[in-house]
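A.B. asks: File name structure30.cif; file contents mmCIF, N, CA and C atoms; full text below.
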data_my_file
loop_
_atom_site.label_atom_id
_atom_site.label_comp_id
_atom_site.auth_asym_id
_atom_site.auth_seq_id
_atom_site.Cartn_x
_atom_site.Cartn_y
_atom_site.Cartn_z
N MET Z 246 108.12 119.82 73.73
CA MET Z 246 107.00 119.94 74.64
C MET Z 246 106.76 121.43 74.88
N THR Z 247 105.54 121.85 74.76
CA THR Z 247 105.22 123.25 74.96
C THR Z 247 104.80 123.50 76.40
N ALA Z 248 104.85 124.75 76.80
CA ALA Z 248 104.52 125.11 78.18
C ALA Z 248 103.13 124.63 78.62
N PRO Z 249 102.08 124.68 77.77
CA PRO Z 249 100.77 124.22 78.23
C PRO Z 249 100.73 122.72 78.56
N ASP Z 250 101.71 121.95 78.05
CA ASP Z 250 101.76 120.52 78.34
C ASP Z 250 102.26 120.23 79.75
N ILE Z 251 102.84 121.23 80.40
CA ILE Z 251 103.47 121.05 81.71
C ILE Z 251 102.63 121.77 82.76
N PRO Z 252 102.21 121.07 83.81
CA PRO Z 252 101.41 121.72 84.86
C PRO Z 252 102.14 122.89 85.52
N ALA Z 253 101.37 123.82 86.02
CA ALA Z 253 101.91 125.01 86.69
C ALA Z 253 102.81 124.60 87.85
N GLY Z 254 103.88 125.35 88.03
CA GLY Z 254 104.80 125.14 89.13
C GLY Z 254 105.99 124.26 88.79
N PHE Z 255 105.90 123.51 87.70
CA PHE Z 255 107.01 122.64 87.31
C PHE Z 255 107.99 123.41 86.44
N GLU Z 256 109.28 123.14 86.65
CA GLU Z 256 110.35 123.73 85.88
C GLU Z 256 111.25 122.61 85.38
N PRO Z 257 112.10 122.87 84.38
CA PRO Z 257 113.05 121.84 83.98
C PRO Z 257 113.81 121.32 85.20
N HIS Z 258 113.96 120.01 85.28
CA HIS Z 258 114.57 119.39 86.46
C HIS Z 258 115.96 119.94 86.71
N PHE Z 259 116.27 120.18 87.97
CA PHE Z 259 117.50 120.85 88.38
C PHE Z 259 118.72 119.96 88.40
N ARG Z 260 118.54 118.64 88.22
CA ARG Z 260 119.69 117.74 88.30
C ARG Z 260 119.61 116.70 87.19
N LYS Z 261 120.70 116.52 86.48
CA LYS Z 261 120.77 115.53 85.41
C LYS Z 261 121.54 114.31 85.91
N ALA Z 262 121.20 113.13 85.36
CA ALA Z 262 121.90 111.90 85.70
C ALA Z 262 121.93 111.01 84.46
N PRO Z 263 122.98 110.25 84.26
CA PRO Z 263 123.04 109.37 83.09
C PRO Z 263 121.85 108.41 82.99
N LEU Z 264 121.36 107.91 84.13
CA LEU Z 264 120.22 106.99 84.11
C LEU Z 264 118.98 107.65 83.50
N THR Z 265 118.75 108.90 83.85
CA THR Z 265 117.51 109.55 83.42
C THR Z 265 117.63 110.30 82.09
N ASP Z 266 118.83 110.40 81.52
CA ASP Z 266 119.00 111.09 80.24
C ASP Z 266 118.02 110.62 79.16
N PRO Z 267 117.81 109.30 78.99
CA PRO Z 267 116.87 108.87 77.95
C PRO Z 267 115.40 109.23 78.23
N TRP Z 268 115.10 109.61 79.46
CA TRP Z 268 113.72 109.93 79.84
C TRP Z 268 113.41 111.41 79.75
N GLU Z 269 114.38 112.22 79.39
CA GLU Z 269 114.17 113.67 79.31
C GLU Z 269 113.11 114.00 78.25
N PRO Z 270 112.41 115.13 78.44
CA PRO Z 270 112.63 116.12 79.48
C PRO Z 270 111.93 115.75 80.79
N LEU Z 271 112.64 115.95 81.88
CA LEU Z 271 112.09 115.79 83.22
C LEU Z 271 111.87 117.17 83.82
N TYR Z 272 110.88 117.24 84.72
CA TYR Z 272 110.54 118.49 85.38
C TYR Z 272 110.49 118.23 86.88
N SER Z 273 110.58 119.28 87.66
CA SER Z 273 110.45 119.12 89.11
C SER Z 273 109.84 120.37 89.71
N LYS Z 274 109.35 120.15 90.92
CA LYS Z 274 108.71 121.23 91.67
C LYS Z 274 109.05 121.01 93.14
N LYS Z 275 109.55 122.05 93.79
CA LYS Z 275 109.85 121.98 95.22
C LYS Z 275 108.66 122.53 95.98
N THR Z 276 108.23 121.78 97.01
CA THR Z 276 107.12 122.20 97.86
C THR Z 276 107.59 122.21 99.31
N ASP Z 277 106.71 122.60 100.22
CA ASP Z 277 107.05 122.57 101.64
C ASP Z 277 107.31 121.15 102.13
N LYS Z 278 106.65 120.16 101.51
CA LYS Z 278 106.78 118.77 101.95
C LYS Z 278 107.98 118.06 101.34
N GLY Z 279 108.35 118.45 100.10
CA GLY Z 279 109.43 117.73 99.44
C GLY Z 279 109.56 118.14 97.99
N VAL Z 280 110.09 117.22 97.20
CA VAL Z 280 110.33 117.47 95.78
C VAL Z 280 109.47 116.51 94.95
N THR Z 281 108.79 117.07 93.96
CA THR Z 281 108.00 116.28 93.02
C THR Z 281 108.72 116.28 91.69
N VAL Z 282 108.88 115.10 91.11
CA VAL Z 282 109.47 114.95 89.79
C VAL Z 282 108.34 114.61 88.83
N GLY Z 283 108.31 115.26 87.66
CA GLY Z 283 107.24 115.03 86.71
C GLY Z 283 107.74 114.86 85.29
N LEU Z 284 106.91 114.21 84.48
CA LEU Z 284 107.20 114.07 83.05
C LEU Z 284 105.93 113.70 82.32
N ARG Z 285 105.93 113.99 81.04
CA ARG Z 285 104.83 113.58 80.15
C ARG Z 285 105.23 112.22 79.59
N LEU Z 286 104.42 111.19 79.85
CA LEU Z 286 104.78 109.83 79.44
C LEU Z 286 104.85 109.70 77.92
N ALA Z 287 105.93 109.05 77.47
CA ALA Z 287 106.17 108.82 76.05
C ALA Z 287 106.70 107.40 75.87
N THR Z 288 106.93 107.01 74.66
CA THR Z 288 107.35 105.65 74.34
C THR Z 288 108.57 105.18 75.15
N PRO Z 289 109.61 106.00 75.36
CA PRO Z 289 110.77 105.51 76.15
C PRO Z 289 110.45 105.18 77.60
N HIS Z 290 109.27 105.52 78.07
CA HIS Z 290 108.88 105.28 79.46
C HIS Z 290 108.04 104.02 79.63
N THR Z 291 107.80 103.28 78.55
CA THR Z 291 106.83 102.20 78.58
C THR Z 291 107.45 100.81 78.46
N ASN Z 292 106.61 99.82 78.78
CA ASN Z 292 106.98 98.43 78.59
C ASN Z 292 106.46 97.97 77.22
N ALA Z 293 106.53 96.68 76.95
CA ALA Z 293 106.12 96.14 75.64
C ALA Z 293 104.63 96.30 75.37
N ARG Z 294 103.83 96.52 76.42
CA ARG Z 294 102.38 96.70 76.24
C ARG Z 294 101.99 98.16 76.11
N GLY Z 295 102.97 99.07 76.13
CA GLY Z 295 102.68 100.49 75.99
C GLY Z 295 102.24 101.17 77.27
N LEU Z 296 102.45 100.50 78.41
CA LEU Z 296 102.12 101.07 79.72
C LEU Z 296 103.41 101.49 80.41
N ILE Z 297 103.29 102.40 81.37
CA ILE Z 297 104.48 102.86 82.10
C ILE Z 297 105.21 101.66 82.70
N HIS Z 298 106.52 101.69 82.60
CA HIS Z 298 107.35 100.59 83.11
C HIS Z 298 107.56 100.77 84.62
N GLY Z 299 107.43 99.68 85.36
CA GLY Z 299 107.62 99.73 86.81
C GLY Z 299 109.01 100.18 87.20
N GLY Z 300 110.01 99.90 86.38
CA GLY Z 300 111.36 100.35 86.67
C GLY Z 300 111.49 101.86 86.64
N LEU Z 301 110.75 102.50 85.75
CA LEU Z 301 110.73 103.97 85.69
C LEU Z 301 110.12 104.52 86.98
N ILE Z 302 109.02 103.92 87.40
CA ILE Z 302 108.38 104.35 88.65
C ILE Z 302 109.35 104.20 89.82
N ALA Z 303 110.04 103.06 89.87
CA ALA Z 303 110.98 102.82 90.97
C ALA Z 303 112.12 103.83 90.96
N ALA Z 304 112.70 104.07 89.81
CA ALA Z 304 113.84 105.00 89.73
C ALA Z 304 113.43 106.43 90.08
N LEU Z 305 112.29 106.88 89.56
CA LEU Z 305 111.86 108.25 89.84
C LEU Z 305 111.39 108.41 91.29
N SER Z 306 110.80 107.35 91.85
CA SER Z 306 110.41 107.39 93.27
C SER Z 306 111.65 107.51 94.15
N ASP Z 307 112.66 106.71 93.85
CA ASP Z 307 113.92 106.76 94.58
C ASP Z 307 114.51 108.16 94.52
N ALA Z 308 114.52 108.75 93.34
CA ALA Z 308 115.08 110.10 93.16
C ALA Z 308 114.27 111.15 93.92
N ALA Z 309 112.95 111.12 93.77
CA ALA Z 309 112.10 112.13 94.42
C ALA Z 309 112.23 112.07 95.93
N MET Z 310 112.31 110.86 96.48
CA MET Z 310 112.45 110.74 97.93
C MET Z 310 113.83 111.19 98.38
N GLY Z 311 114.87 110.84 97.63
CA GLY Z 311 116.22 111.30 97.97
C GLY Z 311 116.34 112.81 97.92
N TYR Z 312 115.77 113.43 96.87
CA TYR Z 312 115.77 114.89 96.79
C TYR Z 312 114.99 115.51 97.95
N SER Z 313 113.90 114.86 98.34
CA SER Z 313 113.10 115.38 99.46
C SER Z 313 113.89 115.32 100.76
N CYS Z 314 114.67 114.27 100.96
CA CYS Z 314 115.54 114.20 102.14
C CYS Z 314 116.59 115.30 102.09
N ALA Z 315 117.17 115.51 100.92
CA ALA Z 315 118.18 116.57 100.78
C ALA Z 315 117.57 117.94 101.06
N GLN Z 316 116.37 118.17 100.55
CA GLN Z 316 115.71 119.46 100.81
C GLN Z 316 115.43 119.63 102.30
N ALA Z 317 115.00 118.55 102.97
CA ALA Z 317 114.68 118.62 104.40
C ALA Z 317 115.90 118.95 105.24
N THR Z 318 117.08 118.68 104.72
CA THR Z 318 118.32 118.98 105.45
C THR Z 318 119.02 120.20 104.86
N GLY Z 319 118.27 121.01 104.11
CA GLY Z 319 118.82 122.25 103.57
C GLY Z 319 119.84 122.05 102.46
N TRP Z 320 119.79 120.91 101.78
CA TRP Z 320 120.70 120.59 100.68
C TRP Z 320 122.16 120.58 101.14
N THR Z 321 122.39 120.33 102.43
CA THR Z 321 123.76 120.33 102.96
C THR Z 321 124.36 118.93 103.00
N THR Z 322 123.55 117.90 102.77
CA THR Z 322 124.03 116.52 102.80
C THR Z 322 123.60 115.79 101.55
N SER Z 323 124.25 114.67 101.30
CA SER Z 323 123.86 113.78 100.21
C SER Z 323 123.32 112.50 100.82
N PHE Z 324 122.61 111.73 100.01
CA PHE Z 324 121.98 110.50 100.50
C PHE Z 324 122.17 109.37 99.51
N VAL Z 325 122.26 108.15 100.03
CA VAL Z 325 122.20 106.94 99.22
C VAL Z 325 121.08 106.07 99.76
N THR Z 326 120.50 105.29 98.90
CA THR Z 326 119.35 104.46 99.27
C THR Z 326 119.78 103.24 100.06
N ILE Z 327 119.13 103.04 101.19
CA ILE Z 327 119.31 101.82 101.97
C ILE Z 327 118.25 100.80 101.57
N SER Z 328 117.00 101.25 101.53
CA SER Z 328 115.91 100.36 101.14
C SER Z 328 114.85 101.14 100.38
N LEU Z 329 114.15 100.43 99.53
CA LEU Z 329 113.09 101.02 98.70
C LEU Z 329 111.98 100.00 98.57
N SER Z 330 110.76 100.43 98.85
CA SER Z 330 109.60 99.56 98.75
C SER Z 330 108.53 100.25 97.92
N ILE Z 331 107.94 99.52 96.96
CA ILE Z 331 106.94 100.12 96.08
C ILE Z 331 105.72 99.21 95.98
N ASP Z 332 104.55 99.81 96.05
CA ASP Z 332 103.29 99.13 95.79
C ASP Z 332 102.73 99.72 94.51
N TYR Z 333 102.55 98.88 93.50
CA TYR Z 333 101.96 99.32 92.23
C TYR Z 333 100.47 99.07 92.31
N VAL Z 334 99.67 100.14 92.14
CA VAL Z 334 98.23 100.01 92.31
C VAL Z 334 97.44 100.47 91.08
N GLY Z 335 98.15 100.77 90.00
CA GLY Z 335 97.47 101.22 88.79
C GLY Z 335 98.44 101.25 87.63
N ALA Z 336 97.99 101.76 86.52
CA ALA Z 336 98.82 101.84 85.32
C ALA Z 336 98.64 103.20 84.67
N ALA Z 337 99.51 103.51 83.73
CA ALA Z 337 99.43 104.76 82.99
C ALA Z 337 99.98 104.52 81.59
N GLY Z 338 99.56 105.37 80.66
CA GLY Z 338 99.98 105.21 79.28
C GLY Z 338 100.53 106.49 78.69
N ILE Z 339 100.96 106.37 77.47
CA ILE Z 339 101.56 107.48 76.73
C ILE Z 339 100.61 108.69 76.74
N GLY Z 340 101.21 109.85 76.97
CA GLY Z 340 100.47 111.10 76.97
C GLY Z 340 100.04 111.59 78.33
N GLN Z 341 100.01 110.71 79.33
CA GLN Z 341 99.58 111.13 80.66
C GLN Z 341 100.72 111.88 81.37
N TRP Z 342 100.34 112.78 82.29
CA TRP Z 342 101.32 113.49 83.11
C TRP Z 342 101.60 112.65 84.35
N LEU Z 343 102.87 112.32 84.56
CA LEU Z 343 103.29 111.54 85.72
C LEU Z 343 103.92 112.48 86.73
N ALA Z 344 103.43 112.44 87.97
CA ALA Z 344 103.99 113.24 89.06
C ALA Z 344 104.38 112.31 90.19
N VAL Z 345 105.64 112.33 90.57
CA VAL Z 345 106.18 111.51 91.65
C VAL Z 345 106.44 112.44 92.82
N GLU Z 346 105.55 112.40 93.81
CA GLU Z 346 105.51 113.39 94.89
C GLU Z 346 106.26 112.89 96.12
N GLY Z 347 107.51 113.31 96.27
CA GLY Z 347 108.34 112.89 97.39
C GLY Z 347 108.06 113.70 98.64
N GLU Z 348 108.30 113.07 99.80
CA GLU Z 348 108.13 113.73 101.09
C GLU Z 348 109.07 113.09 102.10
N ALA Z 349 109.89 113.91 102.75
CA ALA Z 349 110.74 113.42 103.84
C ALA Z 349 109.86 113.30 105.09
N ILE Z 350 109.90 112.15 105.73
CA ILE Z 350 109.07 111.89 106.91
C ILE Z 350 109.84 112.20 108.19
N LYS Z 351 111.09 111.74 108.26
CA LYS Z 351 111.91 111.97 109.45
C LYS Z 351 113.37 111.97 109.02
N THR Z 352 114.08 112.98 109.48
CA THR Z 352 115.50 113.04 109.19
C THR Z 352 116.29 113.00 110.49
N GLY Z 353 117.46 112.42 110.40
CA GLY Z 353 118.36 112.36 111.54
C GLY Z 353 119.78 112.64 111.08
N ASN Z 354 120.74 112.39 111.95
CA ASN Z 354 122.13 112.64 111.59
C ASN Z 354 122.66 111.65 110.56
N THR Z 355 122.10 110.44 110.54
CA THR Z 355 122.63 109.42 109.63
C THR Z 355 121.57 108.81 108.71
N ILE Z 356 120.29 108.99 109.02
CA ILE Z 356 119.22 108.32 108.28
C ILE Z 356 118.09 109.31 107.98
N CYS Z 357 117.45 109.11 106.83
CA CYS Z 357 116.23 109.84 106.49
C CYS Z 357 115.19 108.84 106.00
N PHE Z 358 113.96 108.97 106.48
CA PHE Z 358 112.85 108.15 106.03
C PHE Z 358 111.96 109.01 105.14
N ALA Z 359 111.53 108.45 104.01
CA ALA Z 359 110.73 109.23 103.06
C ALA Z 359 109.64 108.34 102.45
N GLN Z 360 108.68 109.02 101.82
CA GLN Z 360 107.61 108.31 101.11
C GLN Z 360 107.22 109.12 99.89
N CYS Z 361 106.49 108.49 98.99
CA CYS Z 361 105.96 109.25 97.85
C CYS Z 361 104.73 108.57 97.29
N LEU Z 362 103.92 109.39 96.63
CA LEU Z 362 102.80 108.91 95.83
C LEU Z 362 103.14 109.20 94.38
N VAL Z 363 102.78 108.26 93.52
CA VAL Z 363 102.99 108.42 92.08
C VAL Z 363 101.62 108.55 91.45
N ARG Z 364 101.41 109.66 90.75
CA ARG Z 364 100.12 109.94 90.14
C ARG Z 364 100.26 110.07 88.62
N ALA Z 365 99.28 109.53 87.92
CA ALA Z 365 99.16 109.72 86.48
C ALA Z 365 97.86 110.49 86.26
N ASP Z 366 97.98 111.72 85.77
CA ASP Z 366 96.80 112.59 85.61
C ASP Z 366 95.96 112.60 86.90
N ASP Z 367 96.62 112.74 88.03
CA ASP Z 367 96.01 112.86 89.36
C ASP Z 367 95.49 111.56 89.96
N ALA Z 368 95.52 110.45 89.24
CA ALA Z 368 95.11 109.16 89.80
C ALA Z 368 96.35 108.47 90.38
N VAL Z 369 96.27 108.01 91.63
CA VAL Z 369 97.41 107.32 92.25
C VAL Z 369 97.61 105.97 91.56
N ILE Z 370 98.86 105.74 91.09
CA ILE Z 370 99.17 104.46 90.46
C ILE Z 370 100.24 103.68 91.23
N ALA Z 371 100.90 104.34 92.20
CA ALA Z 371 101.89 103.65 93.03
C ALA Z 371 102.16 104.48 94.27
N ARG Z 372 102.68 103.79 95.27
CA ARG Z 372 103.18 104.47 96.46
C ARG Z 372 104.50 103.81 96.81
N ALA Z 373 105.38 104.59 97.39
CA ALA Z 373 106.70 104.07 97.72
C ALA Z 373 107.16 104.61 99.06
N SER Z 374 108.07 103.87 99.68
CA SER Z 374 108.72 104.36 100.88
C SER Z 374 110.20 103.98 100.77
N GLY Z 375 111.02 104.78 101.42
CA GLY Z 375 112.45 104.52 101.35
C GLY Z 375 113.17 104.97 102.60
N THR Z 376 114.32 104.36 102.80
CA THR Z 376 115.23 104.72 103.88
C THR Z 376 116.54 105.11 103.22
N PHE Z 377 117.09 106.25 103.63
CA PHE Z 377 118.27 106.80 102.98
C PHE Z 377 119.35 107.09 104.02
N ARG Z 378 120.59 106.81 103.64
CA ARG Z 378 121.75 107.04 104.51
C ARG Z 378 122.43 108.34 104.13
N VAL Z 379 122.76 109.15 105.14
CA VAL Z 379 123.50 110.38 104.92
C VAL Z 379 124.94 110.01 104.54
N VAL Z 380 125.46 110.63 103.50
CA VAL Z 380 126.86 110.44 103.11
C VAL Z 380 127.50 111.82 102.94
N PRO Z 381 128.80 111.91 103.19
CA PRO Z 381 129.45 113.21 103.02
C PRO Z 381 129.32 113.71 101.57
N LYS Z 382 129.10 115.00 101.43
CA LYS Z 382 129.02 115.60 100.10
C LYS Z 382 130.40 115.70 99.51
N LYS Z 383 130.51 115.37 98.24
CA LYS Z 383 131.79 115.50 97.54
C LYS Z 383 131.94 116.91 97.02
N GLY Z 384 133.12 117.46 97.17
CA GLY Z 384 133.42 118.78 96.62
C GLY Z 384 132.56 119.83 97.19
#
Output the structure of this file as structure tokens.

C.D. replies:
Amino acid sequence: MTAPDIPAGFEPHFRKAPLTDPWEPLYSKKTDKGVTVGLRLATPHTNARGLIHGGLIAALSDAAMGYSCAQATGWTTSFVTISLSIDYVGAAGIGQWLAVEGEAIKTGNTICFAQCLVRADDAVIARASGTFRVVPKKG
């Protein structure tokens, strides 16, 4: 993927995970509101009809919201998902730019509430909300 294929402000994603390895390359952008995860849709991101798979949307929404909670607490805590809710309102196909825009809504000592919009080439295709539990950071 060349630099012109990636929108301004996005950099190679700062965190790797075994789940997302097959979806690489992933990109991210930190904003005042939260963390946005992005990628250029390709065959490994699709279902049998060649459209983005809902499971990919769910996993990246979960990640973007969790990262947004971590950013809101200064990256001093870790989070695990308590609940995740997604409304799918559109579709996307190979070649489109997917941006999963996380935002922490409210943080506390034990819980963080977050939301995100999922856009394909700027058109909203899903929205999600999540509740995350603070857990002690390892190491």

A.B. asks: For Val280 (chain Z), which residue out of Z:Ala337, Z:Leu343, Z:Ala309, Z:Ala373 is the nearest one, using all atoms listed in the file?

C.D. replies: Z:Ala309

A.B. asks: Selection in question (the file shown): the PyMOL selection byres ((chain Z and resi 288-294) around 7). Which residues does it include, as a PyMOL selection string?

C.D. replies: chain Z and resi 267-268+286-287+295-299+301+339-340

A.B. asks: Output the selection as an mmCIF file, in the frame of the given file - N, CA and C atoms for each residue.

C.D. replies:
data_model
loop_
_atom_site.group_PDB
_atom_site.id
_atom_site.type_symbol
_atom_site.label_atom_id
_atom_site.label_comp_id
_atom_site.auth_asym_id
_atom_site.auth_seq_id
_atom_site.Cartn_x
_atom_site.Cartn_y
_atom_site.Cartn_z
ATOM 1 N N PRO Z 267 117.810 109.300 78.990
ATOM 2 C CA PRO Z 267 116.870 108.870 77.950
ATOM 3 C C PRO Z 267 115.400 109.230 78.230
ATOM 4 N N TRP Z 268 115.100 109.610 79.460
ATOM 5 C CA TRP Z 268 113.720 109.930 79.840
ATOM 6 C C TRP Z 268 113.410 111.410 79.750
ATOM 7 N N LEU Z 286 104.420 111.190 79.850
ATOM 8 C CA LEU Z 286 104.780 109.830 79.440
ATOM 9 C C LEU Z 286 104.850 109.700 77.920
ATOM 10 N N ALA Z 287 105.930 109.050 77.470
ATOM 11 C CA ALA Z 287 106.170 108.820 76.050
ATOM 12 C C ALA Z 287 106.700 107.400 75.870
ATOM 13 N N GLY Z 295 102.970 99.070 76.130
ATOM 14 C CA GLY Z 295 102.680 100.490 75.990
ATOM 15 C C GLY Z 295 102.240 101.170 77.270
ATOM 16 N N LEU Z 296 102.450 100.500 78.410
ATOM 17 C CA LEU Z 296 102.120 101.070 79.720
ATOM 18 C C LEU Z 296 103.410 101.490 80.410
ATOM 19 N N ILE Z 297 103.290 102.400 81.370
ATOM 20 C CA ILE Z 297 104.480 102.860 82.100
ATOM 21 C C ILE Z 297 105.210 101.660 82.700
ATOM 22 N N HIS Z 298 106.520 101.690 82.600
ATOM 23 C CA HIS Z 298 107.350 100.590 83.110
ATOM 24 C C HIS Z 298 107.560 100.770 84.620
ATOM 25 N N GLY Z 299 107.430 99.680 85.360
ATOM 26 C CA GLY Z 299 107.620 99.730 86.810
ATOM 27 C C GLY Z 299 109.010 100.180 87.200
ATOM 28 N N LEU Z 301 110.750 102.500 85.750
ATOM 29 C CA LEU Z 301 110.730 103.970 85.690
ATOM 30 C C LEU Z 301 110.120 104.520 86.980
ATOM 31 N N ILE Z 339 100.960 106.370 77.470
ATOM 32 C CA ILE Z 339 101.560 107.480 76.730
ATOM 33 C C ILE Z 339 100.610 108.690 76.740
ATOM 34 N N GLY Z 340 101.210 109.850 76.970
ATOM 35 C CA GLY Z 340 100.470 111.100 76.970
ATOM 36 C C GLY Z 340 100.040 111.590 78.330
#

A.B. asks: Just to confirm, what's the straight-line distance from CA of Asn354 (chain Z) to CA of Gly279 (chain Z) in Å (one decimal)?

C.D. replies: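 CA of Gly279 (chain Z) lies at a distance of 18.3 Å from CA of Asn354 (chain Z).
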
A.B. asks: Any chance you could resolve the PyMOL selection byres ((chain Z and resi 324-326) around 5) against this file and give the residues as a list in words?

C.D. replies: Thr322, Ser323, Ile327, Ser328, Thr376, Phe377, Arg378, Val379 and Val380 of chain Z

A.B. asks: Pick the closest to Arg285 (chain Z) from Z:Asp367, Z:Glu256, Z:Asp250, Z:Asp266: which is it, counting only N, CA and C atoms?

C.D. replies: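 Checking each of Z:Asp367, Z:Glu256, Z:Asp250, Z:Asp266 against Arg285 (chain Z), counting only N, CA and C atoms, the winner is Z:Asp250.
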
A.B. asks: Just give me the gap between CA of Ile331 (chain Z) and atom N of Cys361 (chain Z) in Å, one decimal is fine.

C.D. replies: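 Computed distance, CA of Ile331 (chain Z) to atom N of Cys361 (chain Z), equals 8.9 Å.
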
A.B. asks: Kindly output region 314-321 of chain Z as an mmCIF file, in the coordinates of the input, after building all heavy atoms.

C.D. replies:
data_model
loop_
_atom_site.group_PDB
_atom_site.id
_atom_site.type_symbol
_atom_site.label_atom_id
_atom_site.label_comp_id
_atom_site.auth_asym_id
_atom_site.auth_seq_id
_atom_site.Cartn_x
_atom_site.Cartn_y
_atom_site.Cartn_z
ATOM 1 N N CYS Z 314 114.670 114.270 100.960
ATOM 2 C CA CYS Z 314 115.540 114.200 102.140
ATOM 3 C C CYS Z 314 116.590 115.300 102.090
ATOM 4 O O CYS Z 314 116.854 115.961 103.103
ATOM 5 C CB CYS Z 314 116.216 112.830 102.230
ATOM 6 S SG CYS Z 314 115.118 111.483 102.726
ATOM 7 N N ALA Z 315 117.170 115.510 100.920
ATOM 8 C CA ALA Z 315 118.180 116.570 100.780
ATOM 9 C C ALA Z 315 117.570 117.940 101.060
ATOM 10 O O ALA Z 315 118.179 118.764 101.759
ATOM 11 C CB ALA Z 315 118.790 116.533 99.377
ATOM 12 N N GLN Z 316 116.370 118.170 100.550
ATOM 13 C CA GLN Z 316 115.710 119.460 100.810
ATOM 14 C C GLN Z 316 115.430 119.630 102.300
ATOM 15 O O GLN Z 316 115.604 120.721 102.848
ATOM 16 C CB GLN Z 316 114.421 119.553 100.006
ATOM 17 C CG GLN Z 316 113.669 120.856 100.263
ATOM 18 C CD GLN Z 316 112.475 121.014 99.365
ATOM 19 O OE1 GLN Z 316 112.629 121.243 98.178
ATOM 20 N NE2 GLN Z 316 111.285 120.881 99.924
ATOM 21 N N ALA Z 317 115.000 118.550 102.970
ATOM 22 C CA ALA Z 317 114.680 118.620 104.400
ATOM 23 C C ALA Z 317 115.900 118.950 105.240
ATOM 24 O O ALA Z 317 115.764 119.482 106.347
ATOM 25 C CB ALA Z 317 114.054 117.308 104.866
ATOM 26 N N THR Z 318 117.080 118.680 104.720
ATOM 27 C CA THR Z 318 118.320 118.980 105.450
ATOM 28 C C THR Z 318 119.020 120.200 104.860
ATOM 29 O O THR Z 318 120.220 120.393 105.060
ATOM 30 C CB THR Z 318 119.264 117.763 105.467
ATOM 31 O OG1 THR Z 318 119.574 117.388 104.116
ATOM 32 C CG2 THR Z 318 118.642 116.598 106.198
ATOM 33 N N GLY Z 319 118.270 121.010 104.110
ATOM 34 C CA GLY Z 319 118.820 122.250 103.570
ATOM 35 C C GLY Z 319 119.840 122.050 102.460
ATOM 36 O O GLY Z 319 120.681 122.912 102.243
ATOM 37 N N TRP Z 320 119.790 120.910 101.780
ATOM 38 C CA TRP Z 320 120.700 120.590 100.680
ATOM 39 C C TRP Z 320 122.160 120.580 101.140
ATOM 40 O O TRP Z 320 123.067 120.787 100.352
ATOM 41 C CB TRP Z 320 120.505 121.551 99.503
ATOM 42 C CG TRP Z 320 119.107 121.529 98.968
ATOM 43 C CD1 TRP Z 320 118.112 122.418 99.283
ATOM 44 C CD2 TRP Z 320 118.529 120.581 98.082
ATOM 45 N NE1 TRP Z 320 116.944 122.074 98.632
ATOM 46 C CE2 TRP Z 320 117.179 120.950 97.877
ATOM 47 C CE3 TRP Z 320 119.014 119.463 97.415
ATOM 48 C CZ2 TRP Z 320 116.305 120.241 97.057
ATOM 49 C CZ3 TRP Z 320 118.151 118.746 96.590
ATOM 50 C CH2 TRP Z 320 116.815 119.131 96.422
ATOM 51 N N THR Z 321 122.390 120.330 102.430
ATOM 52 C CA THR Z 321 123.760 120.330 102.960
ATOM 53 C C THR Z 321 124.360 118.930 103.000
ATOM 54 O O THR Z 321 125.554 118.786 103.278
ATOM 55 C CB THR Z 321 123.794 120.914 104.377
ATOM 56 O OG1 THR Z 321 122.948 120.131 105.223
ATOM 57 C CG2 THR Z 321 123.339 122.372 104.379
#
